[in-house]
>>> print(open('protein_30.txt').read())   # compact mmCIF, N, CA, C and O atoms and all ligand atoms
# COMPACT_ATOMS: atom_id res chain seq x y z
N HIS A 1242 0.81 -1.22 0.00
CA HIS A 1242 0.00 0.00 0.00
C HIS A 1242 0.84 1.27 0.00
O HIS A 1242 0.40 2.28 0.54
N SER A 1243 2.01 1.23 -0.60
CA SER A 1243 2.80 2.45 -0.81
C SER A 1243 3.75 2.19 -1.97
O SER A 1243 3.83 1.07 -2.49
N ASN A 1244 4.49 3.21 -2.38
CA ASN A 1244 5.44 3.03 -3.47
C ASN A 1244 6.79 2.51 -2.98
O ASN A 1244 7.72 2.38 -3.75
N ASN A 1245 6.89 2.24 -1.68
CA ASN A 1245 8.16 1.78 -1.11
C ASN A 1245 8.17 0.27 -0.87
O ASN A 1245 8.56 -0.19 0.20
N THR A 1246 7.73 -0.51 -1.84
CA THR A 1246 7.70 -1.96 -1.70
C THR A 1246 9.11 -2.52 -1.52
O THR A 1246 10.01 -2.17 -2.27
N SER A 1247 9.27 -3.36 -0.48
CA SER A 1247 10.57 -4.02 -0.35
C SER A 1247 10.39 -5.46 -0.81
O SER A 1247 9.65 -6.24 -0.21
N TYR A 1248 11.00 -5.81 -1.91
CA TYR A 1248 10.81 -7.12 -2.54
C TYR A 1248 11.64 -8.21 -1.85
O TYR A 1248 12.82 -8.02 -1.61
N PRO A 1249 11.01 -9.35 -1.54
CA PRO A 1249 11.74 -10.46 -0.92
C PRO A 1249 12.56 -11.25 -1.95
O PRO A 1249 12.31 -11.12 -3.15
N TRP A 1250 13.48 -12.09 -1.50
CA TRP A 1250 14.31 -12.89 -2.40
C TRP A 1250 13.48 -13.76 -3.34
O TRP A 1250 13.83 -13.95 -4.49
N TYR A 1251 12.33 -14.30 -2.82
CA TYR A 1251 11.56 -15.23 -3.64
C TYR A 1251 10.83 -14.54 -4.78
O TYR A 1251 10.19 -15.17 -5.59
N ASN A 1252 10.95 -13.22 -4.86
CA ASN A 1252 10.37 -12.53 -6.00
C ASN A 1252 11.16 -12.79 -7.29
O ASN A 1252 10.76 -12.37 -8.36
N THR A 1253 12.27 -13.54 -7.19
CA THR A 1253 13.02 -13.88 -8.39
C THR A 1253 12.52 -15.19 -8.99
O THR A 1253 12.97 -15.62 -10.03
N VAL A 1254 11.56 -15.84 -8.28
CA VAL A 1254 11.04 -17.14 -8.72
C VAL A 1254 9.68 -16.95 -9.41
O VAL A 1254 8.77 -16.39 -8.82
N GLN A 1255 9.55 -17.44 -10.63
CA GLN A 1255 8.24 -17.42 -11.30
C GLN A 1255 7.49 -18.70 -10.94
O GLN A 1255 8.14 -19.72 -10.79
N PRO A 1256 6.12 -18.73 -10.76
CA PRO A 1256 5.22 -17.59 -10.97
C PRO A 1256 5.03 -16.70 -9.74
O PRO A 1256 4.13 -15.88 -9.72
N VAL A 1257 5.88 -16.88 -8.72
CA VAL A 1257 5.73 -16.08 -7.49
C VAL A 1257 5.81 -14.60 -7.81
O VAL A 1257 5.01 -13.80 -7.33
N ALA A 1258 6.79 -14.23 -8.65
CA ALA A 1258 7.00 -12.82 -8.98
C ALA A 1258 5.75 -12.21 -9.60
O ALA A 1258 5.34 -11.11 -9.25
N TRP A 1259 5.09 -12.98 -10.47
CA TRP A 1259 3.89 -12.50 -11.14
C TRP A 1259 2.76 -12.31 -10.11
O TRP A 1259 2.08 -11.29 -10.09
N PHE A 1260 2.60 -13.31 -9.25
CA PHE A 1260 1.56 -13.29 -8.22
C PHE A 1260 1.74 -12.08 -7.30
O PHE A 1260 0.79 -11.35 -6.97
N LEU A 1261 2.99 -11.85 -6.91
CA LEU A 1261 3.33 -10.77 -6.01
C LEU A 1261 3.09 -9.41 -6.66
O LEU A 1261 2.47 -8.52 -6.07
N GLU A 1262 3.58 -9.27 -7.89
CA GLU A 1262 3.47 -7.98 -8.58
C GLU A 1262 2.00 -7.62 -8.77
O GLU A 1262 1.61 -6.47 -8.60
N ASN A 1263 1.20 -8.64 -9.09
CA ASN A 1263 -0.23 -8.44 -9.27
C ASN A 1263 -0.86 -7.89 -7.99
O ASN A 1263 -1.62 -6.93 -8.01
N HIS A 1264 -0.52 -8.51 -6.84
CA HIS A 1264 -1.07 -8.07 -5.57
C HIS A 1264 -0.58 -6.68 -5.19
O HIS A 1264 -1.34 -5.87 -4.67
N ILE A 1265 0.71 -6.43 -5.47
CA ILE A 1265 1.27 -5.13 -5.12
C ILE A 1265 0.58 -4.03 -5.92
O ILE A 1265 0.20 -3.00 -5.37
N GLU A 1266 0.37 -4.30 -7.22
CA GLU A 1266 -0.30 -3.30 -8.07
C GLU A 1266 -1.74 -3.09 -7.64
O GLU A 1266 -2.21 -1.98 -7.54
N GLU A 1267 -2.45 -4.19 -7.36
CA GLU A 1267 -3.85 -4.10 -6.92
C GLU A 1267 -3.96 -3.34 -5.61
O GLU A 1267 -4.82 -2.48 -5.43
N GLY A 1268 -3.09 -3.68 -4.69
CA GLY A 1268 -3.11 -3.06 -3.36
C GLY A 1268 -2.84 -1.56 -3.45
O GLY A 1268 -3.47 -0.77 -2.76
N LYS A 1269 -1.93 -1.19 -4.34
CA LYS A 1269 -1.59 0.23 -4.50
C LYS A 1269 -2.71 0.99 -5.18
O LYS A 1269 -2.97 2.14 -4.85
N ALA A 1270 -3.37 0.32 -6.14
CA ALA A 1270 -4.47 0.97 -6.84
C ALA A 1270 -5.61 1.26 -5.87
O ALA A 1270 -6.27 2.30 -5.94
N GLU A 1271 -5.85 0.35 -4.92
CA GLU A 1271 -6.93 0.52 -3.94
C GLU A 1271 -6.59 1.54 -2.87
O GLU A 1271 -7.44 2.30 -2.42
N LEU A 1272 -5.36 1.49 -2.42
CA LEU A 1272 -4.94 2.33 -1.30
C LEU A 1272 -3.44 2.52 -1.38
O LEU A 1272 -2.69 1.56 -1.28
N ASN A 1273 -3.02 3.80 -1.59
CA ASN A 1273 -1.58 4.06 -1.72
C ASN A 1273 -1.19 5.20 -0.78
O ASN A 1273 -1.50 6.36 -1.02
N PHE A 1274 -0.50 4.82 0.30
CA PHE A 1274 -0.14 5.83 1.29
C PHE A 1274 0.88 6.84 0.75
O PHE A 1274 0.99 7.92 1.29
N SER A 1275 1.57 6.49 -0.33
CA SER A 1275 2.48 7.46 -0.95
C SER A 1275 1.70 8.58 -1.63
O SER A 1275 2.24 9.64 -1.90
N GLU A 1276 0.43 8.30 -1.93
CA GLU A 1276 -0.42 9.30 -2.60
C GLU A 1276 -1.37 9.99 -1.62
O GLU A 1276 -2.18 10.82 -2.01
N TRP A 1277 -1.28 9.59 -0.36
CA TRP A 1277 -2.26 10.01 0.65
C TRP A 1277 -2.48 11.52 0.68
O TRP A 1277 -3.61 12.00 0.71
N ASP A 1278 -1.38 12.28 0.64
CA ASP A 1278 -1.49 13.74 0.73
C ASP A 1278 -2.24 14.35 -0.45
O ASP A 1278 -2.74 15.46 -0.35
N ASN A 1279 -2.29 13.62 -1.55
CA ASN A 1279 -3.01 14.15 -2.72
C ASN A 1279 -4.50 13.78 -2.71
O ASN A 1279 -5.24 14.24 -3.56
N TYR A 1280 -4.92 12.92 -1.77
CA TYR A 1280 -6.33 12.54 -1.69
C TYR A 1280 -7.14 13.70 -1.10
O TYR A 1280 -6.66 14.41 -0.21
N SER A 1281 -8.36 13.90 -1.56
CA SER A 1281 -9.26 14.89 -0.96
C SER A 1281 -9.72 14.36 0.39
O SER A 1281 -9.59 13.15 0.66
N ASN A 1282 -10.27 15.24 1.24
CA ASN A 1282 -10.78 14.79 2.54
C ASN A 1282 -11.86 13.73 2.39
O ASN A 1282 -11.90 12.76 3.14
N ARG A 1283 -12.68 13.92 1.38
CA ARG A 1283 -13.76 12.96 1.11
C ARG A 1283 -13.17 11.58 0.78
O ARG A 1283 -13.64 10.56 1.27
N ARG A 1284 -12.13 11.58 -0.05
CA ARG A 1284 -11.47 10.33 -0.44
C ARG A 1284 -10.79 9.70 0.77
O ARG A 1284 -10.86 8.48 0.97
N LYS A 1285 -10.10 10.54 1.57
CA LYS A 1285 -9.42 10.02 2.76
C LYS A 1285 -10.42 9.33 3.68
O LYS A 1285 -10.19 8.22 4.15
N LYS A 1286 -11.57 10.01 3.91
CA LYS A 1286 -12.60 9.45 4.79
C LYS A 1286 -13.08 8.11 4.27
O LYS A 1286 -13.25 7.15 5.03
N SER A 1287 -13.29 8.03 2.97
CA SER A 1287 -13.80 6.79 2.39
C SER A 1287 -12.75 5.67 2.51
O SER A 1287 -13.09 4.51 2.83
N LYS A 1288 -11.47 6.01 2.33
CA LYS A 1288 -10.40 5.01 2.49
C LYS A 1288 -10.31 4.56 3.95
O LYS A 1288 -10.13 3.37 4.22
N LEU A 1289 -10.42 5.51 4.88
CA LEU A 1289 -10.33 5.15 6.30
C LEU A 1289 -11.48 4.24 6.70
O LEU A 1289 -11.31 3.30 7.47
N LYS A 1290 -12.66 4.50 6.10
CA LYS A 1290 -13.82 3.65 6.35
C LYS A 1290 -13.55 2.23 5.83
O LYS A 1290 -13.86 1.24 6.49
N SER A 1291 -12.95 2.15 4.64
CA SER A 1291 -12.61 0.84 4.07
C SER A 1291 -11.59 0.11 4.95
O SER A 1291 -11.68 -1.10 5.11
N ILE A 1292 -10.63 0.87 5.49
CA ILE A 1292 -9.62 0.25 6.36
C ILE A 1292 -10.30 -0.40 7.56
O ILE A 1292 -10.01 -1.54 7.91
N VAL A 1293 -11.26 0.34 8.16
CA VAL A 1293 -11.99 -0.21 9.32
C VAL A 1293 -12.70 -1.50 8.94
O VAL A 1293 -12.55 -2.52 9.62
N SER A 1294 -13.42 -1.50 7.82
CA SER A 1294 -14.17 -2.72 7.50
C SER A 1294 -13.25 -3.87 7.09
O SER A 1294 -13.53 -5.02 7.44
N GLN A 1295 -12.17 -3.56 6.40
CA GLN A 1295 -11.24 -4.63 6.01
C GLN A 1295 -10.63 -5.29 7.25
O GLN A 1295 -10.50 -6.51 7.29
N ILE A 1296 -10.29 -4.49 8.25
CA ILE A 1296 -9.69 -5.05 9.47
C ILE A 1296 -10.74 -5.81 10.27
O ILE A 1296 -10.50 -6.92 10.72
N LYS A 1297 -11.94 -5.21 10.39
CA LYS A 1297 -13.02 -5.88 11.14
C LYS A 1297 -13.37 -7.22 10.53
O LYS A 1297 -13.63 -8.19 11.22
N ASP A 1298 -13.38 -7.30 9.20
CA ASP A 1298 -13.74 -8.54 8.51
C ASP A 1298 -12.55 -9.48 8.33
O ASP A 1298 -12.67 -10.50 7.62
N ASN A 1299 -11.42 -9.11 8.92
CA ASN A 1299 -10.21 -9.94 8.83
C ASN A 1299 -9.75 -10.16 7.39
O ASN A 1299 -9.19 -11.21 7.06
N LYS A 1300 -10.00 -9.19 6.52
CA LYS A 1300 -9.59 -9.35 5.11
C LYS A 1300 -8.18 -8.80 4.92
O LYS A 1300 -7.48 -9.18 3.99
N MET A 1301 -7.79 -7.87 5.77
CA MET A 1301 -6.45 -7.29 5.72
C MET A 1301 -5.83 -7.37 7.11
O MET A 1301 -6.56 -7.21 8.09
N PRO A 1302 -4.53 -7.58 7.25
CA PRO A 1302 -3.57 -7.84 6.18
C PRO A 1302 -3.90 -9.14 5.44
O PRO A 1302 -4.35 -10.11 6.06
N LEU A 1303 -3.67 -9.14 4.14
CA LEU A 1303 -3.98 -10.26 3.26
C LEU A 1303 -3.40 -11.57 3.80
O LEU A 1303 -2.24 -11.61 4.18
N SER A 1304 -4.22 -12.64 3.81
CA SER A 1304 -3.75 -13.90 4.40
C SER A 1304 -2.58 -14.52 3.63
O SER A 1304 -1.72 -15.17 4.22
N SER A 1305 -2.52 -14.29 2.31
CA SER A 1305 -1.39 -14.83 1.55
C SER A 1305 -0.09 -14.13 1.97
O SER A 1305 0.99 -14.66 1.76
N TYR A 1306 -0.23 -12.94 2.57
CA TYR A 1306 0.95 -12.22 3.05
C TYR A 1306 1.32 -12.67 4.47
O TYR A 1306 2.47 -13.00 4.74
N THR A 1307 0.32 -12.76 5.35
CA THR A 1307 0.61 -13.14 6.74
C THR A 1307 1.03 -14.61 6.85
O THR A 1307 1.65 -15.00 7.83
N PHE A 1308 0.69 -15.40 5.82
CA PHE A 1308 1.12 -16.80 5.79
C PHE A 1308 2.64 -16.88 5.85
O PHE A 1308 3.21 -17.76 6.51
N ILE A 1309 3.30 -15.96 5.19
CA ILE A 1309 4.77 -15.93 5.18
C ILE A 1309 5.31 -14.95 6.23
O ILE A 1309 6.28 -15.24 6.91
N HIS A 1310 4.63 -13.80 6.36
CA HIS A 1310 5.08 -12.77 7.30
C HIS A 1310 4.26 -12.84 8.58
O HIS A 1310 3.32 -12.05 8.76
N LYS A 1311 4.60 -13.80 9.44
CA LYS A 1311 3.83 -14.04 10.66
C LYS A 1311 3.78 -12.79 11.56
O LYS A 1311 2.84 -12.58 12.31
N GLU A 1312 4.84 -11.97 11.48
CA GLU A 1312 4.90 -10.78 12.32
C GLU A 1312 3.84 -9.75 11.93
O GLU A 1312 3.57 -8.82 12.67
N ALA A 1313 3.22 -9.94 10.77
CA ALA A 1313 2.21 -8.97 10.32
C ALA A 1313 0.81 -9.35 10.81
O ALA A 1313 -0.14 -8.59 10.63
N VAL A 1314 0.68 -10.54 11.45
CA VAL A 1314 -0.62 -10.96 11.97
C VAL A 1314 -1.02 -10.01 13.10
O VAL A 1314 -0.20 -9.66 13.94
N LEU A 1315 -2.28 -9.57 13.08
CA LEU A 1315 -2.75 -8.66 14.13
C LEU A 1315 -3.44 -9.44 15.23
O LEU A 1315 -4.36 -10.21 14.95
N ASP A 1316 -3.00 -9.23 16.49
CA ASP A 1316 -3.78 -9.83 17.59
C ASP A 1316 -4.90 -8.83 17.94
O ASP A 1316 -4.98 -7.73 17.36
N ASN A 1317 -5.78 -9.21 18.87
CA ASN A 1317 -6.93 -8.36 19.16
C ASN A 1317 -6.55 -6.98 19.66
O ASN A 1317 -7.21 -5.99 19.34
N THR A 1318 -5.45 -6.91 20.46
CA THR A 1318 -5.00 -5.62 20.99
C THR A 1318 -4.57 -4.71 19.84
O THR A 1318 -4.99 -3.55 19.77
N LYS A 1319 -3.75 -5.25 18.96
CA LYS A 1319 -3.26 -4.44 17.83
C LYS A 1319 -4.43 -4.03 16.93
O LYS A 1319 -4.50 -2.90 16.46
N ARG A 1320 -5.32 -5.00 16.69
CA ARG A 1320 -6.47 -4.71 15.84
C ARG A 1320 -7.25 -3.52 16.42
O ARG A 1320 -7.60 -2.58 15.71
N GLN A 1321 -7.51 -3.58 17.74
CA GLN A 1321 -8.29 -2.53 18.39
C GLN A 1321 -7.55 -1.19 18.36
O GLN A 1321 -8.16 -0.14 18.13
N GLU A 1322 -6.23 -1.23 18.54
CA GLU A 1322 -5.43 0.00 18.50
C GLU A 1322 -5.55 0.67 17.14
O GLU A 1322 -5.74 1.89 17.05
N ILE A 1323 -5.44 -0.12 16.09
CA ILE A 1323 -5.54 0.45 14.74
C ILE A 1323 -6.95 1.00 14.51
O ILE A 1323 -7.11 2.11 14.01
N LEU A 1324 -7.95 0.23 14.94
CA LEU A 1324 -9.33 0.68 14.75
C LEU A 1324 -9.58 2.00 15.47
O LEU A 1324 -10.19 2.91 14.90
N ASN A 1325 -9.06 2.13 16.70
CA ASN A 1325 -9.23 3.39 17.46
C ASN A 1325 -8.55 4.54 16.74
O ASN A 1325 -9.14 5.63 16.58
N TYR A 1326 -7.32 4.29 16.31
CA TYR A 1326 -6.55 5.34 15.64
C TYR A 1326 -7.23 5.79 14.35
O TYR A 1326 -7.40 6.99 14.10
N ILE A 1327 -7.64 4.82 13.54
CA ILE A 1327 -8.26 5.14 12.25
C ILE A 1327 -9.59 5.88 12.45
O ILE A 1327 -9.90 6.83 11.74
N THR A 1328 -10.38 5.44 13.44
CA THR A 1328 -11.66 6.08 13.69
C THR A 1328 -11.46 7.52 14.14
O THR A 1328 -12.15 8.44 13.67
N GLU A 1329 -10.48 7.74 15.01
CA GLU A 1329 -10.17 9.09 15.49
C GLU A 1329 -9.75 9.98 14.33
O GLU A 1329 -10.20 11.13 14.20
N LEU A 1330 -8.88 9.44 13.49
CA LEU A 1330 -8.38 10.18 12.33
C LEU A 1330 -9.54 10.55 11.40
O LEU A 1330 -9.64 11.69 10.93
N LYS A 1331 -10.42 9.60 11.18
CA LYS A 1331 -11.56 9.81 10.28
C LYS A 1331 -12.46 10.93 10.83
O LYS A 1331 -12.89 11.81 10.09
N ASP A 1332 -12.71 10.89 12.14
CA ASP A 1332 -13.60 11.88 12.75
C ASP A 1332 -12.97 13.26 12.80
O ASP A 1332 -13.67 14.26 12.95
N SER A 1333 -11.64 13.33 12.67
CA SER A 1333 -10.97 14.63 12.74
C SER A 1333 -10.96 15.32 11.36
O SER A 1333 -10.57 16.49 11.25
N LEU A 1334 -11.37 14.61 10.31
CA LEU A 1334 -11.33 15.20 8.95
C LEU A 1334 -12.62 15.95 8.63
O LEU A 1334 -13.68 15.61 9.12
C1 LIG B 1401 -3.40 -3.78 8.35
C2 LIG B 1401 -2.91 -3.83 7.12
C3 LIG B 1401 -3.71 -3.53 5.89
C4 LIG B 1401 -4.77 -2.69 5.73
C5 LIG B 1401 -5.42 -1.81 6.79
C6 LIG B 1401 -5.21 -2.79 4.35
C7 LIG B 1401 -6.27 -2.09 3.80
C8 LIG B 1401 -6.77 -2.27 2.53
C9 LIG B 1401 -7.91 -1.59 1.98
C10 LIG B 1401 -8.74 -0.55 2.71
C11 LIG B 1401 -8.10 -2.06 0.72
C12 LIG B 1401 -9.23 -1.65 -0.22
C13 LIG B 1401 -10.32 -2.67 -0.18
C14 LIG B 1401 -11.66 -2.15 -0.65
O1 LIG B 1401 -11.86 -0.93 -0.73
O2 LIG B 1401 -12.53 -3.00 -0.92
C15 LIG B 1401 -7.07 -3.02 0.43
C16 LIG B 1401 -6.92 -3.72 -0.77
C17 LIG B 1401 -5.89 -4.58 -1.04
N1 LIG B 1401 -4.84 -4.91 -0.20
FE1 LIG B 1401 -4.60 -4.30 1.73
N2 LIG B 1401 -4.40 -3.67 3.70
C18 LIG B 1401 -3.47 -4.15 4.59
C19 LIG B 1401 -2.46 -5.04 4.33
C20 LIG B 1401 -2.21 -5.63 3.10
C21 LIG B 1401 -1.13 -6.55 2.84
C22 LIG B 1401 -0.10 -7.01 3.85
C23 LIG B 1401 -1.23 -6.91 1.55
C24 LIG B 1401 -0.30 -7.91 0.92
C25 LIG B 1401 0.36 -7.84 -0.13
C26 LIG B 1401 -2.39 -6.23 0.97
C27 LIG B 1401 -2.84 -6.34 -0.34
C28 LIG B 1401 -4.01 -5.80 -0.84
C29 LIG B 1401 -4.56 -6.07 -2.16
C30 LIG B 1401 -3.97 -7.03 -3.17
C31 LIG B 1401 -5.74 -5.31 -2.29
C32 LIG B 1401 -6.69 -5.22 -3.49
C33 LIG B 1401 -7.46 -6.43 -3.73
C34 LIG B 1401 -8.34 -6.87 -2.60
O3 LIG B 1401 -9.17 -6.07 -2.13
O4 LIG B 1401 -8.22 -8.04 -2.23
N3 LIG B 1401 -2.95 -5.45 1.96
N4 LIG B 1401 -6.27 -3.14 1.56
>>> encode(input="protein_30.txt", output="structure tokens")
Amino acid sequence: HSNNTSYPWYNTVQPVAWFLENHIEEGKAELNFSEWDNYSNRRKKSKLKSIVSQIKDNKMPLSSYTFIHKEAVLDNTKRQEILNYITELKDSL
């Protein structure tokens, strides 16, 4: 979700590279924090709302990502912290 993707070693293996690039492009198209400052307040609010529902529904972080990056799994405390932060941010716009 930004232009600062750090590619892992296995990105040199096909079809992994294709699978990864596809997800990275899709993820950036949906939500790109490198573009955040250029979003209107209306757009920011709508993205923040999507972040809340994606986290609540356990859709993000993507399971194909957390399968390898176990440290990215959110426990309930972390989940709640992000939800509080995002909700506060949304209400301040
Ligand atoms: C807590 C972490 C994350 C949050 C809050 C988050 C949030 C979001 C949001 C809000 C969307 C837009 C969905 C929509 O509007 O319907 C999205 C899409 C997407 N995200 Fe994430 N994301 C997270 C982590 C990740 C990770 C780790 C990946 C892995 C590569 C990823 C890959 C994608 C992809 C591929 C899409 C577009 C396709 C889809 O909706 O499945 N995201 N994400």
>>> closest_residue(input="protein_30.txt", among="A:Lys1288, A:Lys1319, A:Arg1283, A:Lys1297", to="ligand LIG 1401 (chain B)", atoms="only C-alpha atoms and all ligand atoms")
A:Lys1288
>>> residues_near_ligand(input="protein_30.txt", ligand="ligand LIG 1401 (chain B)", cutoff="8 Å", atoms="all atoms listed in the file", output="number ranges by chain")
A: 1242, 1260-1272, 1287-1296, 1300-1307, 1310, 1313, 1315, 1323
>>> atom_distance(input="protein_30.txt", atom1="atom CA of Arg1320 of chain A", atom2="atom CA of Asp1332 of chain A")
18.3 Å
>>> atom_distance(input="protein_30.txt", atom1="atom CA of Thr1328 of chain A", atom2="atom C of Lys1285 of chain A")
10.6 Å
>>> atom_distance(input="protein_30.txt", atom1="atom C of Val1254 of chain A", atom2="atom C of Ser1275 of chain A")
27.9 Å
>>> axis_aligned_box(input="protein_30.txt", around="segment 1305-1317 of chain A", padding_each_side="8 Å", output="lines of an AutoDock Vina configuration file")
center_x = -0.5
center_y = -11.9
center_z = 10.6
size_x = 29.5
size_y = 27.8
size_z = 34.1
>>> closest_residue(input="protein_30.txt", among="A:Ser1243, A:Asn1317, A:Tyr1248, A:Val1257", to="Asn1273 of chain A", atoms="only N, CA, C and O atoms")
A:Ser1243
>>> select_by_dssp(input="protein_30.txt", residues="segment 1248-1334 of chain A", states="alpha helix (DSSP H)", output="number ranges by chain")
A: 1257-1271, 1282-1297, 1304-1307, 1317-1333
>>> closest_residue(input="protein_30.txt", among="A:Asn1252, A:Asn1282, A:Asn1299, A:Thr1318", to="Leu1330 of chain A", atoms="only C-alpha atoms")
A:Asn1282
